[in-house]
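Shown here: final02.txt, compact mmCIF, C-alpha atoms and all ligand atoms.
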```
# COMPACT_ATOMS: atom_id res chain seq x y z
CA MET A 1 -4.38 5.13 -30.35
CA ASP A 2 -2.98 8.68 -30.46
CA LEU A 3 -1.67 9.76 -27.06
CA LYS A 4 -0.77 13.37 -26.44
CA ILE A 5 1.42 13.68 -23.37
CA ALA A 6 2.92 16.76 -21.74
CA LEU A 7 6.39 16.04 -20.41
CA LEU A 8 7.46 18.01 -17.35
CA ALA A 9 10.88 16.71 -16.36
CA GLY A 10 11.57 19.36 -13.71
CA ASP A 11 14.67 19.47 -11.52
CA GLY A 12 17.38 17.28 -10.04
CA ILE A 13 17.04 13.66 -11.12
CA GLY A 14 13.70 14.48 -12.80
CA PRO A 15 15.09 14.62 -16.35
CA GLU A 16 17.05 11.36 -15.90
CA VAL A 17 14.15 9.28 -14.63
CA ILE A 18 11.75 10.86 -17.11
CA GLU A 19 14.06 9.90 -19.96
CA GLN A 20 13.75 6.23 -19.05
CA ALA A 21 9.96 6.46 -18.64
CA VAL A 22 9.78 7.98 -22.13
CA ARG A 23 11.91 5.19 -23.62
CA VAL A 24 9.75 2.56 -21.90
CA SER A 25 6.53 4.26 -23.06
CA ASP A 26 7.85 4.53 -26.62
CA ALA A 27 8.69 0.83 -26.56
CA ILE A 28 5.14 0.08 -25.38
CA ALA A 29 3.76 2.30 -28.15
CA LYS A 30 5.83 0.39 -30.69
CA LYS A 31 4.74 -3.00 -29.39
CA PHE A 32 1.04 -2.13 -29.16
CA ASN A 33 0.84 0.18 -32.17
CA HIS A 34 0.18 3.50 -30.53
CA ASN A 35 1.42 6.90 -31.48
CA ILE A 36 2.72 9.06 -28.63
CA GLN A 37 3.28 12.74 -29.13
CA TRP A 38 5.45 14.15 -26.31
CA THR A 39 5.44 17.89 -25.64
CA PRO A 40 8.15 18.99 -23.20
CA ALA A 41 7.51 21.99 -20.95
CA LEU A 42 9.36 23.84 -18.22
CA THR A 43 8.60 23.58 -14.53
CA GLY A 44 10.27 23.99 -11.14
CA ALA A 45 13.65 25.64 -10.59
CA ALA A 46 14.42 25.11 -14.27
CA ALA A 47 11.41 27.30 -15.14
CA ILE A 48 12.32 29.91 -12.51
CA ASP A 49 15.75 30.22 -14.09
CA ALA A 50 14.35 30.47 -17.61
CA VAL A 51 11.28 32.67 -17.13
CA GLY A 52 11.02 33.51 -13.41
CA ASP A 53 7.93 31.36 -12.78
CA PRO A 54 7.94 27.71 -11.59
CA TYR A 55 4.72 26.96 -13.52
CA PRO A 56 4.61 29.33 -16.49
CA ASP A 57 1.37 29.96 -18.42
CA GLU A 58 2.87 28.31 -21.47
CA THR A 59 3.44 25.11 -19.48
CA HIS A 60 -0.13 25.26 -18.18
CA GLN A 61 -1.45 25.55 -21.73
CA ILE A 62 0.61 22.55 -22.83
CA CYS A 63 -0.82 20.53 -19.90
CA LEU A 64 -4.37 21.60 -20.76
CA ASP A 65 -3.89 20.59 -24.39
CA ALA A 66 -2.49 17.17 -23.47
CA ASP A 67 -4.39 13.97 -22.62
CA ALA A 68 -2.07 13.39 -19.66
CA VAL A 69 0.97 14.88 -17.96
CA LEU A 70 4.08 12.92 -17.04
CA PHE A 71 6.05 14.69 -14.35
CA GLY A 72 9.55 14.12 -12.93
CA ALA A 73 10.40 16.03 -9.76
CA ILE A 74 10.90 19.59 -8.62
CA GLY A 75 12.98 21.27 -5.97
CA HIS A 76 16.45 22.71 -5.67
CA PRO A 77 18.64 23.02 -2.55
CA ARG A 78 19.43 26.65 -3.20
CA PHE A 79 15.83 27.49 -2.26
CA ASP A 80 15.60 25.14 0.75
CA ASN A 81 17.94 27.14 2.94
CA ASP A 82 16.53 30.48 1.97
CA PRO A 83 13.19 31.03 3.75
CA SER A 84 13.04 34.53 2.27
CA ALA A 85 13.06 33.34 -1.38
CA LYS A 86 10.07 34.98 -3.07
CA VAL A 87 9.60 32.35 -5.74
CA ARG A 88 10.08 28.67 -4.91
CA PRO A 89 9.97 25.60 -7.16
CA GLU A 90 7.35 23.93 -4.91
CA GLN A 91 4.97 26.81 -5.59
CA GLY A 92 4.94 25.59 -9.18
CA LEU A 93 3.71 22.19 -8.08
CA LEU A 94 0.95 23.66 -5.93
CA LYS A 95 -0.09 26.10 -8.65
CA MET A 96 -0.15 23.28 -11.18
CA ARG A 97 -2.31 21.07 -8.92
CA GLN A 98 -4.72 23.90 -8.34
CA LYS A 99 -4.93 25.23 -11.91
CA LEU A 100 -5.36 21.73 -13.35
CA GLY A 101 -7.93 20.87 -10.66
CA LEU A 102 -6.03 17.74 -9.58
CA PHE A 103 -7.97 17.19 -6.39
CA ALA A 104 -7.26 13.50 -5.84
CA ASN A 105 -3.77 12.17 -5.35
CA VAL A 106 -3.65 8.41 -5.78
CA ARG A 107 -0.65 6.95 -3.95
CA PRO A 108 -0.39 3.17 -3.87
CA THR A 109 1.96 1.21 -1.64
CA PHE A 110 2.62 -2.38 -2.59
CA THR A 111 5.42 -4.83 -2.01
CA PHE A 112 7.47 -6.71 -4.55
CA PRO A 113 8.03 -10.37 -3.60
CA SER A 114 11.69 -10.16 -4.65
CA LEU A 115 12.30 -7.14 -2.41
CA LEU A 116 10.63 -8.18 0.83
CA ASP A 117 14.00 -8.28 2.60
CA LYS A 118 14.76 -4.66 1.57
CA SER A 119 12.01 -3.22 3.73
CA PRO A 120 12.96 -1.74 7.08
CA LEU A 121 9.96 -3.63 8.44
CA LYS A 122 9.81 -7.34 9.23
CA GLN A 123 8.84 -9.50 6.29
CA GLU A 124 5.88 -11.14 8.04
CA ARG A 125 4.42 -7.70 8.78
CA ILE A 126 4.52 -6.42 5.22
CA GLU A 127 3.80 -9.51 3.13
CA GLY A 128 0.75 -8.94 0.99
CA THR A 129 0.65 -5.18 1.56
CA ASP A 130 -1.34 -3.57 -1.22
CA LEU A 131 -2.96 -0.33 -0.17
CA VAL A 132 -3.88 2.95 -1.83
CA PHE A 133 -4.06 6.39 -0.32
CA LEU A 134 -6.38 8.93 -1.84
CA ARG A 135 -4.99 12.21 -0.60
CA GLU A 136 -7.01 15.39 -1.09
CA LEU A 137 -4.67 17.65 -3.05
CA THR A 138 -6.14 21.08 -3.71
CA GLY A 139 -7.54 22.13 -0.33
CA GLY A 140 -6.88 22.17 3.38
CA ILE A 141 -3.97 23.87 5.10
CA TYR A 142 -1.91 23.92 1.88
CA PHE A 143 -4.28 26.43 0.34
CA GLY A 144 -5.92 28.07 3.37
CA GLU A 145 -5.44 31.57 4.59
CA ARG A 146 -2.00 32.15 6.07
CA GLY A 147 0.02 35.04 7.30
CA ARG A 148 1.88 36.87 10.01
CA LEU A 149 0.59 39.09 12.80
CA ASP A 150 2.17 40.95 15.65
CA ASN A 151 5.07 42.41 13.63
CA GLY A 152 5.91 39.01 12.23
CA ASN A 153 6.14 37.33 15.62
CA THR A 154 2.96 35.28 15.18
CA ALA A 155 2.23 33.08 12.18
CA PHE A 156 -0.88 31.16 11.16
CA ASP A 157 -2.04 28.68 8.52
CA THR A 158 -5.66 27.64 8.31
CA CYS A 159 -7.25 24.36 7.30
CA THR A 160 -10.57 24.85 5.55
CA TYR A 161 -12.69 22.23 3.79
CA THR A 162 -16.08 22.43 2.16
CA ARG A 163 -18.51 19.52 2.14
CA ASP A 164 -18.26 19.38 -1.66
CA GLU A 165 -14.47 19.10 -1.59
CA ILE A 166 -14.71 16.22 0.85
CA LYS A 167 -17.50 14.55 -1.12
CA ARG A 168 -15.70 14.47 -4.46
CA LEU A 169 -12.59 12.96 -2.88
CA ALA A 170 -14.58 10.46 -0.80
CA LYS A 171 -16.59 9.45 -3.89
CA LYS A 172 -13.33 8.40 -5.58
CA GLY A 173 -12.45 6.48 -2.42
CA PHE A 174 -15.76 4.59 -2.35
CA GLU A 175 -15.50 3.84 -6.08
CA LEU A 176 -11.98 2.51 -5.71
CA ALA A 177 -13.01 0.44 -2.69
CA MET A 178 -15.82 -1.09 -4.78
CA ILE A 179 -13.35 -2.45 -7.36
CA ARG A 180 -10.87 -3.56 -4.70
CA SER A 181 -11.65 -5.24 -1.39
CA LYS A 182 -14.64 -3.03 -0.42
CA LYS A 183 -12.80 -1.66 2.60
CA LEU A 184 -12.38 2.07 3.14
CA CYS A 185 -10.60 3.88 5.95
CA CYS A 186 -11.31 7.54 6.58
CA VAL A 187 -8.30 9.10 8.29
CA ASP A 188 -8.91 12.22 10.34
CA LYS A 189 -8.43 13.92 13.68
CA ALA A 190 -12.10 14.30 14.52
CA ASN A 191 -11.40 14.22 18.24
CA VAL A 192 -9.78 17.66 17.90
CA LEU A 193 -10.37 19.35 14.54
CA GLU A 194 -13.64 20.80 13.27
CA SER A 195 -12.58 20.24 9.65
CA SER A 196 -12.08 16.55 10.50
CA ARG A 197 -15.55 16.39 12.02
CA LEU A 198 -16.93 17.66 8.72
CA TRP A 199 -14.92 14.95 6.91
CA ARG A 200 -16.36 12.26 9.16
CA GLU A 201 -19.91 13.59 8.95
CA THR A 202 -19.72 13.82 5.15
CA VAL A 203 -18.27 10.35 4.66
CA GLN A 204 -20.77 8.84 7.11
CA ALA A 205 -23.62 10.36 5.11
CA MET A 206 -22.27 8.75 1.92
CA GLU A 207 -22.11 5.25 3.38
CA LYS A 208 -25.69 4.41 2.43
CA GLU A 209 -24.89 4.94 -1.26
CA TYR A 210 -22.26 2.20 -1.03
CA PRO A 211 -23.82 -0.43 1.25
CA GLU A 212 -21.22 -3.04 0.26
CA VAL A 213 -18.27 -0.95 1.45
CA THR A 214 -17.18 -1.33 5.07
CA VAL A 215 -15.92 2.01 6.32
CA SER A 216 -13.65 2.50 9.32
CA TYR A 217 -12.88 5.88 10.86
CA GLU A 218 -9.45 6.17 12.39
CA PHE A 219 -7.44 8.99 13.89
CA VAL A 220 -4.35 10.01 11.96
CA ASP A 221 -1.96 9.38 14.85
CA ALA A 222 -3.26 5.82 15.25
CA VAL A 223 -3.00 5.23 11.50
CA ALA A 224 0.62 6.44 11.54
CA MET A 225 1.32 3.73 14.09
CA ARG A 226 -0.71 0.91 12.57
CA LEU A 227 0.69 1.62 9.12
CA VAL A 228 4.09 0.32 10.18
CA GLN A 229 2.68 -2.37 12.48
CA TRP A 230 0.15 -3.98 10.17
CA PRO A 231 0.26 -2.28 6.77
CA ASN A 232 -1.47 -5.24 5.17
CA SER A 233 -4.59 -4.58 7.22
CA TYR A 234 -5.37 -1.50 5.10
CA ASP A 235 -6.78 -1.26 1.61
CA VAL A 236 -8.16 2.13 0.47
CA LEU A 237 -7.54 5.14 2.73
CA ILE A 238 -8.92 8.62 2.20
CA THR A 239 -7.56 11.69 3.91
CA GLU A 240 -7.00 15.42 3.79
CA ASN A 241 -4.01 17.09 2.19
CA LEU A 242 -1.45 17.40 5.00
CA PHE A 243 -2.22 14.09 6.72
CA GLY A 244 -1.92 12.45 3.29
CA ASP A 245 1.40 14.14 2.61
CA ILE A 246 2.90 12.76 5.81
CA LEU A 247 1.35 9.29 5.77
CA THR A 248 2.22 8.60 2.13
CA ASP A 249 5.91 9.30 2.78
CA GLU A 250 5.71 6.94 5.72
CA ALA A 251 3.96 4.30 3.60
CA SER A 252 6.46 4.66 0.76
CA VAL A 253 9.31 3.05 2.67
CA ILE A 254 7.34 -0.12 3.30
CA SER A 255 8.20 -1.43 -0.15
CA GLY A 256 11.93 -1.06 0.43
CA SER A 257 12.88 2.00 -1.57
CA MET A 258 11.49 5.48 -2.08
CA GLY A 259 12.49 5.01 -5.71
CA LEU A 260 9.75 2.50 -6.41
CA MET A 261 6.37 4.07 -5.77
CA PRO A 262 4.37 5.81 -8.50
CA SER A 263 1.43 8.16 -8.14
CA ALA A 264 -1.35 9.80 -10.06
CA SER A 265 -3.09 13.10 -9.44
CA VAL A 266 -6.49 13.32 -11.04
CA GLY A 267 -9.25 15.84 -11.43
CA THR A 268 -12.30 16.02 -13.61
CA GLU A 269 -10.48 17.02 -16.81
CA ASN A 270 -6.77 16.41 -16.32
CA ALA A 271 -4.42 13.84 -14.88
CA LEU A 272 -0.78 13.92 -13.92
CA TYR A 273 1.54 11.01 -13.17
CA GLU A 274 4.70 11.30 -11.12
CA PRO A 275 7.05 9.30 -8.90
CA ILE A 276 6.48 10.03 -5.25
CA HIS A 277 10.17 10.66 -4.59
CA GLY A 278 11.64 14.13 -4.82
CA SER A 279 14.36 15.70 -6.95
CA PHE A 280 17.24 14.04 -4.99
CA PRO A 281 19.70 16.86 -5.82
CA GLN A 282 22.76 14.99 -4.47
CA ALA A 283 22.31 12.33 -7.14
CA THR A 284 21.75 14.68 -10.07
CA GLY A 285 23.76 13.70 -13.12
CA LEU A 286 25.39 10.68 -11.47
CA GLY A 287 23.27 8.12 -13.31
CA ILE A 288 22.30 6.40 -10.05
CA ALA A 289 18.67 7.49 -9.79
CA ASN A 290 16.16 4.66 -9.71
CA PRO A 291 13.83 5.16 -12.71
CA LEU A 292 11.27 2.53 -11.64
CA ALA A 293 8.85 4.83 -9.77
CA THR A 294 8.58 7.03 -12.87
CA VAL A 295 8.30 4.02 -15.16
CA LEU A 296 5.50 2.66 -12.94
CA SER A 297 3.87 6.11 -13.04
CA ALA A 298 3.81 5.74 -16.83
CA ALA A 299 2.09 2.36 -16.30
CA MET A 300 -0.57 4.09 -14.20
CA MET A 301 -0.94 6.65 -17.00
CA PHE A 302 -1.60 3.96 -19.62
CA GLU A 303 -4.15 2.32 -17.34
CA MET A 304 -5.96 5.29 -15.83
CA SER A 305 -5.87 7.95 -18.56
CA PHE A 306 -6.13 5.69 -21.60
CA GLY A 307 -7.71 2.48 -20.27
CA LEU A 308 -4.77 0.56 -21.79
CA ILE A 309 -4.64 -2.19 -19.21
CA GLU A 310 -2.43 -4.67 -21.06
CA GLU A 311 0.12 -1.95 -21.78
CA GLY A 312 0.27 -1.06 -18.08
CA ALA A 313 0.52 -4.72 -17.12
CA THR A 314 3.40 -5.21 -19.56
CA ILE A 315 5.34 -2.41 -17.89
CA ARG A 316 4.67 -3.87 -14.44
CA LYS A 317 5.81 -7.27 -15.65
CA VAL A 318 9.16 -6.07 -17.01
CA VAL A 319 9.71 -4.03 -13.83
CA ASP A 320 9.15 -7.20 -11.78
CA GLN A 321 11.61 -9.00 -14.05
CA SER A 322 14.29 -6.35 -13.59
CA LEU A 323 13.89 -6.62 -9.81
CA ALA A 324 13.97 -10.40 -9.87
CA GLU A 325 17.05 -10.38 -12.14
CA GLY A 326 18.78 -7.76 -10.01
CA ILE A 327 19.09 -5.25 -12.86
CA VAL A 328 18.60 -2.41 -10.41
CA THR A 329 20.15 0.85 -9.28
CA GLU A 330 22.35 0.98 -6.19
CA ASP A 331 19.53 1.81 -3.75
CA LEU A 332 18.35 -1.77 -4.23
CA LYS A 333 21.74 -3.48 -4.11
CA GLU A 334 23.18 -5.27 -1.07
CA ASN A 335 26.19 -4.13 0.98
CA GLY A 336 27.77 -1.57 -1.29
CA GLU A 337 27.46 -3.75 -4.40
CA LYS A 338 27.63 -1.57 -7.49
CA GLY A 339 24.26 -0.85 -9.01
CA ASN A 340 23.21 -0.65 -12.63
CA SER A 341 22.95 2.85 -14.00
CA THR A 342 19.64 4.61 -14.58
CA THR A 343 20.09 4.11 -18.32
CA GLU A 344 21.03 0.43 -17.99
CA VAL A 345 17.81 -0.24 -16.10
CA GLY A 346 15.95 1.53 -18.94
CA ASP A 347 17.87 -0.51 -21.54
CA TYR A 348 16.82 -3.73 -19.82
CA LEU A 349 13.14 -2.72 -19.61
CA VAL A 350 13.02 -1.65 -23.26
CA SER A 351 14.70 -4.84 -24.47
CA LYS A 352 12.28 -7.00 -22.46
CA ILE A 353 9.25 -5.13 -23.80
CA LEU A 354 10.39 -5.52 -27.39
CA SER A 355 11.63 -9.11 -27.11
C1 LIG B 401 4.52 15.85 -2.27
C2 LIG B 401 5.52 16.91 -1.90
C3 LIG B 401 4.86 18.27 -2.05
C4 LIG B 401 3.69 18.32 -1.08
C5 LIG B 401 5.80 19.46 -1.83
C6 LIG B 401 7.03 19.39 -2.68
C7 LIG B 401 5.08 20.77 -2.01
O1 LIG B 401 6.03 16.70 -0.62
O2 LIG B 401 4.11 15.80 -3.44
O3 LIG B 401 4.13 15.07 -1.40
O4 LIG B 401 3.88 18.64 0.11
O5 LIG B 401 2.58 18.04 -1.51
MN MN B 402 5.23 14.93 0.34
```
Just give me the structure of the file as structure tokens.
Ligand code: IPM
Ligand code: MN
Amino acid sequence: MDLKIALLAGDGIGPEVIEQAVRVSDAIAKKFNHNIQWTPALTGAAAIDAVGDPYPDETHQICLDADAVLFGAIGHPRFDNDPSAKVRPEQGLLKMRQKLGLFANVRPTFTFPSLLDKSPLKQERIEGTDLVFLRELTGGIYFGERGRLDNGNTAFDTCTYTRDEIKRLAKKGFELAMIRSKKLCCVDKANVLESSRLWRETVQAMEKEYPEVTVSYEFVDAVAMRLVQWPNSYDVLITENLFGDILTDEASVISGSMGLMPSASVGTENALYEPIHGSFPQATGLGIANPLATVLSAAMMFEMSFGLIEEGATIRKVVDQSLAEGIVTEDLKENGEKGNSTTEVGDYLVSKILS
């Protein structure tokens, strides 16, 4: 199969983890006889420096022309402490999500048997956790009207959702629930917010189309609590943009390291795969970044964009092997033990795929 992939490495540790995901994907292509054409493109602070725009038109065109986008991370500390910066790397991410129509962010949280003791939560609480958040990604307070009034002394951001926006996200949730355990949780704040009441009303109206799916409706504050108490009681969760942003960071630590969880952002035409961790500027260039979340994002890409299930499974298998063998970066090592470098982890994965 010919696979055309746009490669957006971005900032910080992005290029380092992307490099390993590319090596792993190339090894998969070799083993399974595929031909991958990678097209690199600029994004984030790197793109601001080069052309003054964190998501340049040229990058957008490359993404449109590709079958899938593999993305590293964006963000740079020199923008974080400067609230007056006119152009910010994160704007590139939001612009990209919107222009590519990536309305559904798929963020799984699962545990690895060999890492159960790495989680900050008790082993018996997290065993068997395997849940997926579907976070709405192109609406809500992230894209609503915002501004300042009263000579800058009052600020507002608005959360707006249309029934259609909720429907298309919820439809993905119901469909995913149908191929998993037929359990769907709609996360909202319908006791306070009108937009949440529209979410609830819309999802309730869809229930009859999926009679086999059991739907629960839970308030976001309660979910935040139950997620760390009984994560394994959840399966598919759907929610709006900001709630999803917060809850998926919370969920990501369940597995033991932020460096492990992959994600996909999908729309009707395009799809983008990225690790859920950020650009980790302090680690840039040190060779300590954990490449596994990006490698697992590539696995999701093979599975979801190309239907190449065995290829994805092969990546997951060698990742499990590296964890079981302890060929891991320092975030997964015990008591100051030296970790393998980012490249060494990649070397191991590639050699296992090709052996
Ligand atoms: C994420 C990030 C982004 C978000 C930021 C960088 C704009 O936190 O992908 O979760 O808030 O969506
Ligand atoms: Mn986030």
Residues within 10 Å of (-3.5, 0.3, 6.6), file coordinates, counting all atoms listed in the file: what are they? Give the list as a list in words.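 The answer, in the requested form, is Thr109, Thr129, Asp130, Leu131, Val132, Phe133, Leu184, Cys185, Val223, Ala224, Met225, Arg226, Leu227, Val228, Gln229, Trp230, Pro231, Asn232, Ser233, Tyr234, Asp235, Val236, Leu237 and Ala251 of chain A.
Distance check against ligand MN 402 (chain B) using only C-alpha atoms and all ligand atoms: of A:Pro211, A:Gly152, A:Gly346, A:Pro275, the minimum falls on A:Pro275.
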Could you list, as a PyMOL selection string, all protein and nucleic acid residues with an atom at most 10 Å from ligand LIG 401 (chain B), counting all atoms listed in the file? chain A and resi 73-75+88-95+97+105+107+135-138+142+241-242+244-249+263+265+274-279
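Distance cut-off 10 Å, centre (23.8, 6.1, -10.3), atoms counted only C-alpha atoms; the residues meeting this are Ala283, Thr284, Gly285, Leu286, Gly287, Ile288, Ala289, Asn290, Val328, Thr329, Glu330, Asp331, Lys338, Gly339, Asn340, Ser341, Thr342, Thr343 and Glu344 of chain A.
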Could you please determine the separation between atom CA of A:Met178 and atom CA of A:Asp320 in Å, to one decimal place? 26.6 Å
